[in-house]
Structures are given as C-alpha cells and as structure tokens.
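Visitor: Right, I'll just put the structure down here and ask away after.
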Amino acid sequence: QEPSNKRVRPLARVTSLANLISPVRNGAVRRFGQTIQSFALRSDSKSPGCPQKSCSRSAAPTPPKRRNSVLWSEMLDVNMKESLSTKEIKRQEAIYEMSRGEQDLIEDLKLARKAYHDPMLKLSIMSEEELTHIFGDLDSYIPLHEDLLASLGEATKPDGTVEQIGPILVKWLPRLHAYKGYCSNQLAAKALLDQKKQDRRVQDFLQRCLESPFSRKLDLWSFLDIPRSRLVKYPLLLKEILRHTPKDHPDIQILEEAISIIQGVLSDINLKKGESECQYYIDKLEYLDEKQKDPRIEGSKALLCHGELKNKNGHKLYVFLFQDILVLTRPVTRNERQAYQVYRQPIPVQELLLEDLQDGDVKMGGSFRGAFGNSDKAKNIFRVRFQDPSPGQSHTLQANDVFHKQQWVNCIRTA
C-alpha cells in the first residue's frame, strides 16, 4: 500500500514505492536495513480518542485525504499541446508534479504549526518542551522548500514549460541533510505523542482536529510524518523526470548526478537515524542482574531487527538483535512509559547457535499443556542457544507467521 498521507497523483510505474513500507504489524519483526523508507509507524492509524463505540459528537463531513490534482497538460491550450511531443509533455508533467508536491508539503508544514502546535501551546494542552520534542524544528524546513519552489518558478517560461531542472536540483538537494535530526527523533517523538494521548485534553483536542475539514481525515502523526514520506519520493520523482528526458538533452547527466546526490543524502540520514533508534532502545533496557550487562549492548550502533516473539511457554517476549548480540526482553510499563526487562542472559552472535525448526517439531504452551494431543504443535518456530551448552540456555521462539519467521532467521544468519 502507498503511504496513507499521499496527496498527489501517483507516478507511473512506481510499484517499488510499496516496497518502501515495511510489513510490520504488532508482533512482527522490524528490519532496520529498510531504514527511513520503512519508518511508517502507522500503528496509530486509528482515530485518536473515541475509544468508545461512538463519540459524543458526530463526525463532520471531511474532504478526502488526497488533494484534487490537475495535470500539467490540462492547463495547456490546444495549440501548445500540438507543438510538444508526447515525451516532452510527460517530462513537463513529472516536473510539475515535483513542483506541486513541494507546494503541498509547504502547506502541510504550515498547517501543522498553525492548527496543532500553536493552539496546544496557547491552551496549555502540552508544555512547550513537550511540543518541541514532538514537532522538532518542523517549521524551519518551510523556507528550505520555498527556495526550491521559487527556483522552479523562476525556471518556468511564460508558456508553462521548464527547459532545465538539473542544475536547480544539484544545487538544492544537499540541503536536505538538514532532516537528519528530524528523522532521527521520530521514534522518540511518536512515543511521547502516544503517551500524551492518554491525557483526556490532548485526546479531545486531536479528535476535534480530526473531525475538522482542514485535517483531510489525517491524524497529527500523519502530518508529522509527511517530511519523511516526501524524502523517499525524491529519487522516484527524479527518475521519472529522467525517464522522459531525451538522450541529447543537457539535463541527462545532471539529473543522474542529482539522483546520486539524493541517494547519498538518504543514506546519511538512514545511518544517523539507525544509530539514534538503536540508542533509544538501549536506554529502555532494564537489567535484573549485573551479569546481564554486556559492553556489546552499550556499544551497539545498529539494530538489525526487533519484534515480538513467543517462547515455549506461550509468554510474549520482545527480542532485539543488535549487530553483535541478541537480547530477549519482557515488555514492562514504568510510569506510563514502555521499558524492556532483559530476560535471561543476552547471547553474543559469535556464541549463538541457530536451529530452524520444522512445524510440529515442538509443542508450545508449557509442559503441562504440551502433554495433551497435537493441537499445541507449533508452527513458525526456531531455536537460539549458546554454542557452549554450559550456560544451559536455549530459547524456542515462535513468530506470527512464516514470513516473519524467515525474516528473523535471515537476520540472525546474516549477523
């Protein structure tokens, strides 16, 4: 599925966009090789507030999530259309889509400030510190995108066409490094927003916004996630422009350079974001025994995957595979904050033995239940243990389905 906050007309042949969204659900493995593209965090897709069957207020009619989009070619007069080749019309369509997307982004960033941040601050629904943590420096990116929009406007001729876009992009794209801090903070920002939604005033305010026409049925997190969604579209937009650019056009080489620049920018953001998320979870680990502490955990810079699994007794565990060590935990709540209590001894990957078990090899649910019938024969299971049997640790783990089991097995084997 495409991102829920997509507003503009979809590009041709961008089925790869579906691959940018992780299939993660509750209990699924999260793979950090997928980086910012997979950072959808759409667990909050339900409307904030209104946990009851019905709300006290009936929802006001709201416009669809997508804005009404006009094709570039629809704005041309008949004579102009006849003077351009089909390929050139498609090229101009792709350039116009980039320009239109920038305009939409600017509007949404301004809306996030005006309709959410400022009223919540003024009404003391959240403190300034909390709002800064959730929104980051969001409005500082408005001038960044306004500059690109202005440059595209200056390059647009009176007939609506753009001769060359490559030099503009090569000069502007490196400025997207500014998003490093914002993307790195998204996980912590989402966690704080979810926590604040337990407050009735916050919940009520967000519900009123959701029911208002300006929201286009998008919740607050959808607006906060729009910059990330826009970032992953840039390579697709540039490739689409390049695809419709004639081979002898002066933009060809410059567009290829621009694609290389944006891929480098995204790679740098991914690296920074991965380190930030890794540290976020390390800080939430709780140790019952000093022996569980391992310098390989604190020194981790990458989290290869993590997610919910069940052990042989049917208890839910939350498992983290850092670059050098596997850590099993039990999720706990401390003062309304999520934490992870380390379960048994972490297993360094160099000392880890992985067994890919077949369906039915093990009966799950504990020794008492497992003694009866075949109904408890488990599917989607694998086992991890120390290579040296002296620690005496072995964990039989069950994934939600065969797909997530295979992801875990592949991740552990790769590590």
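Every chain in the structure tokens takes a letter, A first, then B, and so on in the order presented; its residues are numbered from 1, and the ligands are numbered from 1 following the presented order.
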When DSSP is applied to the backbone of this structure, which of range 182-335 of chain A are assigned strand (DSSP E)? Write them out as a ChimeraX atom specification.
Guide: /A:285-286,303-310,316-322,325-334
Visitor: Give me the residues near His315 in chain A as a PyMOL selection string, where near means some atom within 9 Å (using only C-alpha atoms) and where sequence neighbours in that chain fewer than 3 positions away do not count.
Guide: chain A and resi 309-312+330+365
Visitor: Please save N, CA, C and O atoms of the selected residues as a CSV table (one decimal), in the first residue's frame.
Guide:
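As written to disk, part22.csv reads:
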```csv
chain,number,residue,atom,x,y,z
A,309,LEU,N,8.0,-12.0,19.9
A,309,LEU,CA,8.0,-13.4,19.6
A,309,LEU,C,7.4,-14.1,20.9
A,309,LEU,O,7.4,-13.5,22.0
A,310,LYS,N,7.0,-15.3,20.8
A,310,LYS,CA,6.5,-16.1,22.0
A,310,LYS,C,7.6,-17.2,22.3
A,310,LYS,O,8.2,-17.7,21.4
A,311,ASN,N,7.7,-17.4,23.6
A,311,ASN,CA,8.6,-18.5,24.0
A,311,ASN,C,7.8,-19.8,24.1
A,311,ASN,O,6.6,-19.8,23.8
A,312,LYS,N,8.5,-20.9,24.5
A,312,LYS,CA,7.8,-22.2,24.5
A,312,LYS,C,6.6,-22.3,25.4
A,312,LYS,O,5.7,-23.0,25.2
A,330,ARG,N,11.3,-8.8,28.3
A,330,ARG,CA,9.9,-8.8,28.6
A,330,ARG,C,9.4,-7.3,28.7
A,330,ARG,O,9.9,-6.5,29.4
A,365,GLY,N,3.2,-24.0,24.7
A,365,GLY,CA,2.2,-23.8,25.7
A,365,GLY,C,2.6,-24.3,27.1
A,365,GLY,O,1.8,-24.4,28.0
```
Visitor: Compile the contact shell of range 193-196 of chain A as a list in words: residues with an atom at most 9 Å away, counting only C-alpha atoms, same-chain residues fewer than 2 positions apart removed.
Guide: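 With the cut-off at 9 Å, the set is Asp44, Met126, Glu130, Ile134, Ala188, Ala189, Lys190, Ala191, Gln198, Asp199, Arg200, Val202, Gln203, Trp221, Glu336 and Arg337 of chain A.
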Visitor: Could you list, as a list in words, every residue within 12 Å of Val170 in chain A, counting only C-alpha atoms and ignoring same-chain residues fewer than 6 positions away?
Guide: Leu148, Gln164, Leu176, Leu238, Asp251, Gln253, Ile254, Leu255, Glu256, Glu257, Ala258, Ile259, Ser260, Ile261, Ile262 and Val265 of chain A
Visitor: When you look at Leu105 in chain A with a cut-off of 12 Å (counting only C-alpha atoms), what residues show up, excluding the ones that are within fewer than 5 positions of it in the same chain? I need them as number ranges by chain.
Guide: A: 5-8, 67, 98-100, 110-112, 138-139, 141-146, 148-149, 223-231
Visitor: Just want the 7 Å neighbourhood of Leu352 in chain A, counted on only C-alpha atoms, with same-chain residues fewer than 5 positions away dropped. Output as a list in words.
Guide: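 So, after excluding close chain neighbours, the residues are Ile347, Val384, Arg385, Phe386 and Gln387 of chain A.
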Visitor: May I have the residues from that selection written out with C-alpha atoms, as a PDB file, in the first residue's frame?
Guide:
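Written file, again.pdb:
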```
ATOM      1  CA  ILE A 347      23.640 -14.160  23.598  1.00  0.00           C
ATOM      2  CA  VAL A 384      18.522 -19.924  19.635  1.00  0.00           C
ATOM      3  CA  ARG A 385      21.096 -21.030  22.190  1.00  0.00           C
ATOM      4  CA  PHE A 386      24.691 -20.688  23.272  1.00  0.00           C
ATOM      5  CA  GLN A 387      27.109 -22.853  21.281  1.00  0.00           C
TER       6      GLN A 387
END
```
Visitor: Would you compute the distance between CA of Glu308 in chain A and CA of Lys180 in chain A? Give it in Å to one decimal.
Guide: 28.2 Å
Visitor: Between CA of Asp118 in chain A and CA of Phe214 in chain A, measure the distance and give it in Å to one decimal.
Guide: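 Going from CA of Asp118 in chain A over to CA of Phe214 in chain A, I get 15.3 Å.
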Visitor: Mind checking which residues fall within 10 Å of Ile282 in chain A, counting only C-alpha atoms, ignoring those fewer than 2 positions away in the same chain, and posting them as a short mmCIF file (atom, residue, chain, number, x, y, z; two decimals) with N, CA and C atoms, in the first residue's frame?
Guide:
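Okay, around-v9.cif is ready:
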```cif
data_model
loop_
_atom_site.label_atom_id
_atom_site.label_comp_id
_atom_site.auth_asym_id
_atom_site.auth_seq_id
_atom_site.Cartn_x
_atom_site.Cartn_y
_atom_site.Cartn_z
N SER A 276 20.41 6.47 16.18
CA SER A 276 19.51 7.10 17.15
C SER A 276 18.48 6.11 17.67
N GLU A 277 17.89 5.32 16.77
CA GLU A 277 16.88 4.33 17.19
C GLU A 277 17.52 3.23 18.03
N CYS A 278 18.72 2.84 17.66
CA CYS A 278 19.44 1.83 18.42
C CYS A 278 19.63 2.31 19.87
N GLN A 279 20.09 3.54 20.03
CA GLN A 279 20.30 4.10 21.36
C GLN A 279 18.99 4.26 22.12
N TYR A 280 17.92 4.59 21.40
CA TYR A 280 16.60 4.74 22.02
C TYR A 280 16.20 3.46 22.76
N LYS A 284 16.15 1.98 27.06
CA LYS A 284 14.92 1.45 27.67
C LYS A 284 15.10 0.04 28.25
N LEU A 285 16.32 -0.50 28.16
CA LEU A 285 16.57 -1.83 28.72
C LEU A 285 16.74 -1.76 30.24
N GLU A 286 16.14 -2.70 30.94
CA GLU A 286 16.30 -2.82 32.39
C GLU A 286 16.93 -4.17 32.70
N ILE A 297 26.23 -4.51 24.12
CA ILE A 297 24.91 -3.86 24.01
C ILE A 297 25.11 -2.35 23.99
N GLU A 298 25.80 -1.83 24.99
CA GLU A 298 26.01 -0.38 25.09
C GLU A 298 26.78 0.18 23.89
N GLY A 299 27.65 -0.66 23.32
CA GLY A 299 28.46 -0.20 22.20
C GLY A 299 27.78 -0.35 20.85
N SER A 300 26.55 -0.85 20.81
CA SER A 300 25.86 -1.10 19.54
C SER A 300 25.52 0.21 18.83
N LEU A 303 20.77 -1.68 15.02
CA LEU A 303 19.77 -2.65 15.46
C LEU A 303 19.28 -3.34 14.20
N PHE A 320 15.53 -8.22 20.63
CA PHE A 320 16.36 -7.26 19.89
C PHE A 320 17.60 -7.98 19.36
N PHE A 322 20.88 -6.81 18.06
CA PHE A 322 21.84 -5.75 17.78
C PHE A 322 22.94 -6.35 16.88
N ALA A 339 9.16 0.07 28.76
CA ALA A 339 10.53 -0.35 29.05
C ALA A 339 10.65 -1.83 28.70
N TYR A 340 11.88 -2.34 28.71
CA TYR A 340 12.12 -3.73 28.32
C TYR A 340 13.05 -4.38 29.35
#
```
Visitor: When you draw a straight line from CA of Gln406 in chain A to CA of Leu304 in chain A, how long is it in Å?
Guide: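 So the two atoms, CA of Gln406 in chain A and CA of Leu304 in chain A, lie 14.1 Å apart.
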